[in-house]
file coords_18.pdb (PDB, C-alpha atoms)
ATOM      1  CA  MET A 133     -22.678  -2.112  -7.595
ATOM      2  CA  ALA A 134     -20.956   0.300  -9.986
ATOM      3  CA  LEU A 135     -17.319   1.340  -9.717
ATOM      4  CA  SER A 136     -17.031   4.618  -7.826
ATOM      5  CA  THR A 137     -14.296   6.858  -9.227
ATOM      6  CA  SER A 138     -15.000   9.905  -7.083
ATOM      7  CA  SER A 139     -13.457  10.218  -3.653
ATOM      8  CA  ASN A 140     -15.364   8.504  -0.865
ATOM      9  CA  PHE A 141     -13.040   9.894   1.808
ATOM     10  CA  ALA A 142     -13.920  12.834   4.021
ATOM     11  CA  LYS A 143     -10.199  13.677   3.947
ATOM     12  CA  PRO A 144      -8.731  12.262   0.702
ATOM     13  CA  ASP A 145      -5.284  13.767   1.381
ATOM     14  CA  ASP A 146      -5.125  11.852   4.667
ATOM     15  CA  ALA A 147      -5.999   8.614   2.858
ATOM     16  CA  PHE A 148      -3.309   9.253   0.242
ATOM     17  CA  ARG A 149      -0.812  10.112   2.990
ATOM     18  CA  ALA A 150      -1.599   6.833   4.801
ATOM     19  CA  ILE A 151      -0.775   4.852   1.661
ATOM     20  CA  VAL A 152       2.454   6.774   1.067
ATOM     21  CA  GLU A 153       3.496   6.421   4.715
ATOM     22  CA  ALA A 154       2.858   2.664   4.603
ATOM     23  CA  HIS A 155       5.648   2.449   1.994
ATOM     24  CA  ARG A 156       8.150   4.602   3.881
ATOM     25  CA  GLY A 157      11.340   2.720   4.672
ATOM     26  CA  LEU A 158      10.475  -0.288   2.522
ATOM     27  CA  THR A 159      12.664  -1.667  -0.221
ATOM     28  CA  GLU A 160      11.248  -1.675  -3.750
ATOM     29  CA  ALA A 161      10.471  -5.392  -3.389
ATOM     30  CA  GLN A 162       8.752  -4.871  -0.038
ATOM     31  CA  SER A 163       6.798  -1.957  -1.476
ATOM     32  CA  ALA A 164       5.629  -4.098  -4.401
ATOM     33  CA  ASP A 165       4.638  -6.860  -1.973
ATOM     34  CA  LEU A 166       2.670  -4.356   0.126
ATOM     35  CA  ASP A 167       0.892  -3.071  -2.989
ATOM     36  CA  ALA A 168      -0.015  -6.606  -4.058
ATOM     37  CA  ALA A 169      -1.309  -7.510  -0.593
ATOM     38  CA  LEU A 170      -3.300  -4.282  -0.377
ATOM     39  CA  VAL A 171      -4.872  -4.901  -3.790
ATOM     40  CA  LEU A 172      -5.945  -8.403  -2.771
ATOM     41  CA  VAL A 173      -7.354  -7.247   0.578
ATOM     42  CA  LEU A 174      -9.314  -4.425  -1.062
ATOM     43  CA  ALA A 175     -10.472  -6.656  -3.947
ATOM     44  CA  ASN A 176     -11.849  -9.093  -1.390
ATOM     45  CA  HIS A 177     -13.527  -6.207   0.437
ATOM     46  CA  ILE A 178     -15.217  -5.110  -2.800
ATOM     47  CA  GLY A 179     -16.420  -8.652  -3.347
ATOM     48  CA  ASP A 180     -17.912  -7.943  -6.769
ATOM     49  CA  LEU A 181     -16.133  -9.440  -9.790
ATOM     50  CA  ASP A 182     -17.742  -7.007 -12.263
ATOM     51  CA  VAL A 183     -16.569  -3.991 -10.247
ATOM     52  CA  LEU A 184     -13.120  -5.536  -9.847
ATOM     53  CA  CYS A 185     -12.835  -6.115 -13.609
ATOM     54  CA  GLU A 186     -13.966  -2.537 -14.277
ATOM     55  CA  ALA A 187     -11.333  -1.239 -11.843
ATOM     56  CA  ILE A 188      -8.626  -3.366 -13.488
ATOM     57  CA  ALA A 189      -9.590  -2.070 -16.936
ATOM     58  CA  LEU A 190      -9.556   1.542 -15.698
ATOM     59  CA  ALA A 191      -6.139   1.101 -14.069
ATOM     60  CA  LYS A 192      -4.712  -0.455 -17.234
ATOM     61  CA  ARG A 193      -6.039   2.394 -19.391
ATOM     62  CA  ARG A 194      -4.282   4.870 -17.105
ATOM     63  CA  MET A 195      -0.906   3.134 -17.417
ATOM     64  CA  PRO A 196       1.489   4.786 -19.834
ATOM     65  CA  ASP A 197       2.536   2.686 -22.802
ATOM     66  CA  ALA A 198       6.186   1.658 -23.134
ATOM     67  CA  SER A 199       7.231   4.758 -25.123
ATOM     68  CA  GLN A 200       5.598   7.093 -22.595
ATOM     69  CA  GLN A 201       7.295   5.231 -19.727
ATOM     70  CA  GLN A 202      10.661   5.629 -21.413
ATOM     71  CA  GLN A 203      10.073   9.386 -21.844
ATOM     72  CA  GLN A 204       9.047   9.711 -18.183
ATOM     73  CA  GLN A 205      12.141   7.840 -17.016
ATOM     74  CA  HIS A 206      14.365  10.258 -18.897
ATOM     75  CA  ALA A 207      12.417  13.348 -17.842
ATOM     76  CA  LEU A 208      12.102  12.678 -14.113
ATOM     77  CA  PRO A 209      14.750  12.158 -11.456
ATOM     78  CA  PRO A 210      14.709   8.615 -10.049
ATOM     79  CA  ALA A 211      12.096   8.064  -7.344
ATOM     80  CA  HIS A 212      13.032   6.515  -4.068
ATOM     81  CA  VAL A 213      10.745   4.310  -2.021
ATOM     82  CA  GLY A 214       9.379   6.373   0.824
ATOM     83  CA  ASP A 215       9.794   9.747  -0.916
ATOM     84  CA  ALA A 216       6.829  11.973  -0.243
ATOM     85  CA  ILE A 217       4.710  12.748  -3.302
ATOM     86  CA  THR A 218       1.458  14.598  -3.646
ATOM     87  CA  PRO A 219      -1.737  13.424  -5.369
ATOM     88  CA  ASP A 220      -1.066  16.001  -8.110
ATOM     89  CA  GLU A 221       2.117  14.117  -9.052
ATOM     90  CA  ILE A 222       0.289  10.875  -9.886
ATOM     91  CA  PRO A 223       0.019  10.522 -13.689
ATOM     92  CA  PHE A 224      -3.728   9.738 -13.781
TER      93      PHE A 224
END
call {"tool": "encode", "arguments": {"input": "coords_18.pdb", "output": "C-alpha coordinates"}}
result
Amino acid sequence: MALSTSSNFAKPDDAFRAIVEAHRGLTEAQSADLDAALVLVLANHIGDLDVLCEAIALAKRRMPDASQQQQQQHALPPAHVGDAITPDEIPF
(Lines of atoms letter the chains of each structure in order from A and count residues from 1; the text may use other names and numbers.)
(Lines give C-alpha, C1' and ligand atoms only; values in the text may rest on other atoms or scores of the structure.)
Protein backbone atom coordinates (compact mmCIF):
# COMPACT_ATOMS: atom_id res chain seq x y z
CA MET A 1 0.00 0.00 0.00
CA ALA A 2 1.31 3.46 -0.88
CA LEU A 3 0.84 6.54 1.29
CA SER A 4 -2.19 8.51 0.11
CA THR A 5 -1.66 12.27 0.39
CA SER A 6 -4.87 13.35 -1.31
CA SER A 7 -8.06 13.68 0.69
CA ASN A 8 -10.03 10.47 1.13
CA PHE A 9 -12.91 12.28 2.83
CA ALA A 10 -16.15 13.15 1.09
CA LYS A 11 -16.23 16.24 3.33
CA PRO A 12 -12.62 17.09 4.29
CA ASP A 13 -13.67 20.26 6.16
CA ASP A 14 -15.91 18.15 8.41
CA ALA A 15 -13.01 15.80 9.15
CA PHE A 16 -10.73 18.73 9.98
CA ARG A 17 -13.46 20.26 12.15
CA ALA A 18 -13.85 16.97 14.07
CA ILE A 19 -10.15 16.98 14.92
CA VAL A 20 -10.21 20.63 16.00
CA GLU A 21 -13.35 20.10 18.08
CA ALA A 22 -11.79 17.09 19.81
CA HIS A 23 -9.17 19.50 21.23
CA ARG A 24 -11.63 22.16 22.38
CA GLY A 25 -11.45 22.77 26.11
CA LEU A 26 -8.32 20.67 26.62
CA THR A 27 -5.15 21.90 28.24
CA GLU A 28 -1.99 21.89 26.13
CA ALA A 29 -0.87 18.69 27.88
CA GLN A 30 -4.24 17.01 27.30
CA SER A 31 -4.18 18.12 23.67
CA ALA A 32 -0.71 16.63 23.20
CA ASP A 33 -1.88 13.40 24.84
CA LEU A 34 -4.90 13.27 22.52
CA ASP A 35 -2.65 13.81 19.49
CA ALA A 36 -0.31 11.03 20.60
CA ALA A 37 -3.18 8.62 21.22
CA LEU A 38 -4.77 9.48 17.88
CA VAL A 39 -1.48 8.91 16.05
CA LEU A 40 -1.07 5.48 17.65
CA VAL A 41 -4.67 4.46 16.92
CA LEU A 42 -4.39 5.55 13.29
CA ALA A 43 -0.91 4.00 12.89
CA ASN A 44 -2.35 0.70 14.09
CA HIS A 45 -5.26 1.11 11.67
CA ILE A 46 -2.82 1.61 8.78
CA GLY A 47 -0.97 -1.52 9.84
CA ASP A 48 1.81 -1.11 7.27
CA LEU A 49 5.26 -0.16 8.58
CA ASP A 50 6.47 1.12 5.19
CA VAL A 51 3.48 3.47 4.87
CA LEU A 52 3.91 4.58 8.48
CA CYS A 53 7.60 5.37 7.90
CA GLU A 54 6.73 7.29 4.73
CA ALA A 55 4.11 9.30 6.64
CA ILE A 56 6.60 10.06 9.43
CA ALA A 57 9.20 11.24 6.90
CA LEU A 58 6.63 13.45 5.14
CA ALA A 59 5.48 14.98 8.44
CA LYS A 60 9.07 15.69 9.48
CA ARG A 61 9.85 17.37 6.14
CA ARG A 62 6.85 19.65 6.66
CA MET A 63 8.00 20.78 10.11
CA PRO A 64 9.68 24.17 10.18
CA ASP A 65 13.28 24.19 11.32
CA ALA A 66 14.18 26.00 14.55
CA SER A 67 14.82 29.39 12.88
CA GLN A 68 11.49 29.25 11.03
CA GLN A 69 9.69 28.32 14.27
CA GLN A 70 11.25 31.29 16.03
CA GLN A 71 10.12 33.63 13.22
CA GLN A 72 6.58 32.20 13.36
CA GLN A 73 6.42 32.64 17.13
CA HIS A 74 7.29 36.31 16.78
CA ALA A 75 4.99 36.88 13.80
CA LEU A 76 1.83 35.21 15.09
CA PRO A 77 -0.27 35.91 18.17
CA PRO A 78 -0.15 33.04 20.67
CA ALA A 79 -2.53 30.19 19.87
CA HIS A 80 -4.87 28.86 22.48
CA VAL A 81 -5.98 25.26 22.71
CA GLY A 82 -9.48 25.03 21.31
CA ASP A 83 -9.21 28.12 19.09
CA ALA A 84 -10.86 27.51 15.75
CA ILE A 85 -8.47 27.46 12.80
CA THR A 86 -9.06 26.67 9.17
CA PRO A 87 -7.18 24.18 6.97
CA ASP A 88 -5.66 27.15 5.11
CA GLU A 89 -3.88 28.21 8.32
CA ILE A 90 -1.92 24.96 8.64
CA PRO A 91 1.69 25.55 7.51
CA PHE A 92 1.90 22.53 5.16
call {"tool": "residues_around", "arguments": {"input": "coords_18.pdb", "residues": "segment 168-175 of chain A", "least_positions_apart": "6", "cutoff": "10 Å", "atoms": "all atoms listed in the file", "output": "count of residues only"}}
result
7
call {"tool": "atom_distance", "arguments": {"input": "coords_18.pdb", "atom1": "atom CA of Ile188 of chain A", "atom2": "atom CA of Ser138 of chain A"}}
result
16.1 Å
call {"tool": "atom_distance", "arguments": {"input": "coords_18.pdb", "atom1": "atom CA of Asp180 of chain A", "atom2": "atom CA of Ala150 of chain A"}}
result
24.9 Å
call {"tool": "atom_distance", "arguments": {"input": "coords_18.pdb", "atom1": "atom CA of Ala164 of chain A", "atom2": "atom CA of Ala191 of chain A"}}
result
16.1 Å
call {"tool": "axis_aligned_box", "arguments": {"input": "coords_18.pdb", "around": "segment 180-189 of chain A", "padding_each_side": "6 Å", "output": "AutoDock Vina command-line options"}}
result
--center_x -13.3 --center_y -5.3 --center_z -11.9 --size_x 21.3 --size_y 20.2 --size_z 22.2
call {"tool": "decode", "arguments": {"input": "coords_18.pdb", "residues": "segment 150-185 of chain A", "atoms": "N, CA and C atoms", "output": "JSON list (two decimals), in the first residue's frame"}}
result
[["chain", "number", "residue", "atom", "x", "y", "z"],
["A", 150, "ALA", "N", -13.75, 17.99, 13.02],
["A", 150, "ALA", "CA", -13.85, 16.97, 14.07],
["A", 150, "ALA", "C", -12.56, 16.90, 14.89],
["A", 151, "ILE", "N", -11.43, 17.01, 14.21],
["A", 151, "ILE", "CA", -10.15, 16.98, 14.92],
["A", 151, "ILE", "C", -9.99, 18.23, 15.78],
["A", 152, "VAL", "N", -10.31, 19.38, 15.23],
["A", 152, "VAL", "CA", -10.21, 20.63, 16.00],
["A", 152, "VAL", "C", -11.14, 20.59, 17.20],
["A", 153, "GLU", "N", -12.37, 20.15, 16.99],
["A", 153, "GLU", "CA", -13.35, 20.10, 18.08],
["A", 153, "GLU", "C", -12.94, 19.12, 19.17],
["A", 154, "ALA", "N", -12.25, 18.06, 18.81],
["A", 154, "ALA", "CA", -11.79, 17.09, 19.81],
["A", 154, "ALA", "C", -10.82, 17.74, 20.80],
["A", 155, "HIS", "N", -10.14, 18.81, 20.38],
["A", 155, "HIS", "CA", -9.17, 19.50, 21.23],
["A", 155, "HIS", "C", -9.79, 20.64, 22.05],
["A", 156, "ARG", "N", -11.00, 21.02, 21.70],
["A", 156, "ARG", "CA", -11.63, 22.16, 22.38],
["A", 156, "ARG", "C", -11.77, 21.89, 23.88],
["A", 157, "GLY", "N", -11.33, 22.86, 24.66],
["A", 157, "GLY", "CA", -11.45, 22.77, 26.11],
["A", 157, "GLY", "C", -10.34, 21.98, 26.80],
["A", 158, "LEU", "N", -9.41, 21.43, 26.02],
["A", 158, "LEU", "CA", -8.32, 20.67, 26.62],
["A", 158, "LEU", "C", -7.15, 21.59, 26.96],
["A", 159, "THR", "N", -6.39, 21.19, 27.96],
["A", 159, "THR", "CA", -5.15, 21.90, 28.24],
["A", 159, "THR", "C", -4.14, 21.52, 27.16],
["A", 160, "GLU", "N", -3.02, 22.24, 27.12],
["A", 160, "GLU", "CA", -1.99, 21.89, 26.13],
["A", 160, "GLU", "C", -1.50, 20.46, 26.34],
["A", 161, "ALA", "N", -1.33, 20.05, 27.59],
["A", 161, "ALA", "CA", -0.87, 18.69, 27.88],
["A", 161, "ALA", "C", -1.91, 17.66, 27.44],
["A", 162, "GLN", "N", -3.19, 17.93, 27.72],
["A", 162, "GLN", "CA", -4.24, 17.01, 27.30],
["A", 162, "GLN", "C", -4.33, 16.94, 25.78],
["A", 163, "SER", "N", -4.15, 18.08, 25.13],
["A", 163, "SER", "CA", -4.18, 18.12, 23.67],
["A", 163, "SER", "C", -3.04, 17.30, 23.08],
["A", 164, "ALA", "N", -1.85, 17.42, 23.66],
["A", 164, "ALA", "CA", -0.71, 16.63, 23.20],
["A", 164, "ALA", "C", -0.96, 15.15, 23.43],
["A", 165, "ASP", "N", -1.56, 14.80, 24.57],
["A", 165, "ASP", "CA", -1.88, 13.40, 24.84],
["A", 165, "ASP", "C", -2.90, 12.86, 23.84],
["A", 166, "LEU", "N", -3.90, 13.68, 23.51],
["A", 166, "LEU", "CA", -4.90, 13.27, 22.52],
["A", 166, "LEU", "C", -4.23, 13.04, 21.17],
["A", 167, "ASP", "N", -3.35, 13.97, 20.76],
["A", 167, "ASP", "CA", -2.65, 13.81, 19.49],
["A", 167, "ASP", "C", -1.84, 12.52, 19.46],
["A", 168, "ALA", "N", -1.13, 12.24, 20.55],
["A", 168, "ALA", "CA", -0.31, 11.03, 20.60],
["A", 168, "ALA", "C", -1.18, 9.78, 20.52],
["A", 169, "ALA", "N", -2.28, 9.77, 21.25],
["A", 169, "ALA", "CA", -3.18, 8.62, 21.22],
["A", 169, "ALA", "C", -3.79, 8.44, 19.83],
["A", 170, "LEU", "N", -4.18, 9.54, 19.22],
["A", 170, "LEU", "CA", -4.77, 9.48, 17.88],
["A", 170, "LEU", "C", -3.76, 8.95, 16.86],
["A", 171, "VAL", "N", -2.52, 9.40, 16.96],
["A", 171, "VAL", "CA", -1.48, 8.91, 16.05],
["A", 171, "VAL", "C", -1.30, 7.40, 16.21],
["A", 172, "LEU", "N", -1.26, 6.92, 17.44],
["A", 172, "LEU", "CA", -1.07, 5.48, 17.65],
["A", 172, "LEU", "C", -2.26, 4.67, 17.16],
["A", 173, "VAL", "N", -3.47, 5.16, 17.40],
["A", 173, "VAL", "CA", -4.67, 4.46, 16.92],
["A", 173, "VAL", "C", -4.67, 4.39, 15.39],
["A", 174, "LEU", "N", -4.38, 5.53, 14.75],
["A", 174, "LEU", "CA", -4.39, 5.55, 13.29],
["A", 174, "LEU", "C", -3.21, 4.77, 12.69],
["A", 175, "ALA", "N", -2.06, 4.80, 13.36],
["A", 175, "ALA", "CA", -0.91, 4.00, 12.89],
["A", 175, "ALA", "C", -1.27, 2.51, 12.93],
["A", 176, "ASN", "N", -1.93, 2.10, 13.99],
["A", 176, "ASN", "CA", -2.35, 0.70, 14.09],
["A", 176, "ASN", "C", -3.36, 0.38, 12.99],
["A", 177, "HIS", "N", -4.26, 1.32, 12.72],
["A", 177, "HIS", "CA", -5.26, 1.11, 11.67],
["A", 177, "HIS", "C", -4.60, 0.94, 10.30],
["A", 178, "ILE", "N", -3.56, 1.73, 10.04],
["A", 178, "ILE", "CA", -2.82, 1.61, 8.78],
["A", 178, "ILE", "C", -2.19, 0.22, 8.69],
["A", 179, "GLY", "N", -1.51, -0.17, 9.76],
["A", 179, "GLY", "CA", -0.97, -1.52, 9.84],
["A", 179, "GLY", "C", 0.14, -1.85, 8.85],
["A", 180, "ASP", "N", 0.76, -0.87, 8.26],
["A", 180, "ASP", "CA", 1.81, -1.11, 7.27],
["A", 180, "ASP", "C", 3.00, -0.24, 7.67],
["A", 181, "LEU", "N", 4.09, -0.89, 8.09],
["A", 181, "LEU", "CA", 5.26, -0.16, 8.58],
["A", 181, "LEU", "C", 5.87, 0.74, 7.51],
["A", 182, "ASP", "N", 5.91, 0.29, 6.26],
["A", 182, "ASP", "CA", 6.47, 1.12, 5.19],
["A", 182, "ASP", "C", 5.67, 2.41, 5.00],
["A", 183, "VAL", "N", 4.35, 2.29, 5.02],
["A", 183, "VAL", "CA", 3.48, 3.47, 4.87],
["A", 183, "VAL", "C", 3.64, 4.38, 6.08],
["A", 184, "LEU", "N", 3.72, 3.79, 7.27],
["A", 184, "LEU", "CA", 3.91, 4.58, 8.48],
["A", 184, "LEU", "C", 5.22, 5.36, 8.41],
["A", 185, "CYS", "N", 6.29, 4.71, 8.00],
["A", 185, "CYS", "CA", 7.60, 5.37, 7.90],
["A", 185, "CYS", "C", 7.57, 6.48, 6.85]]
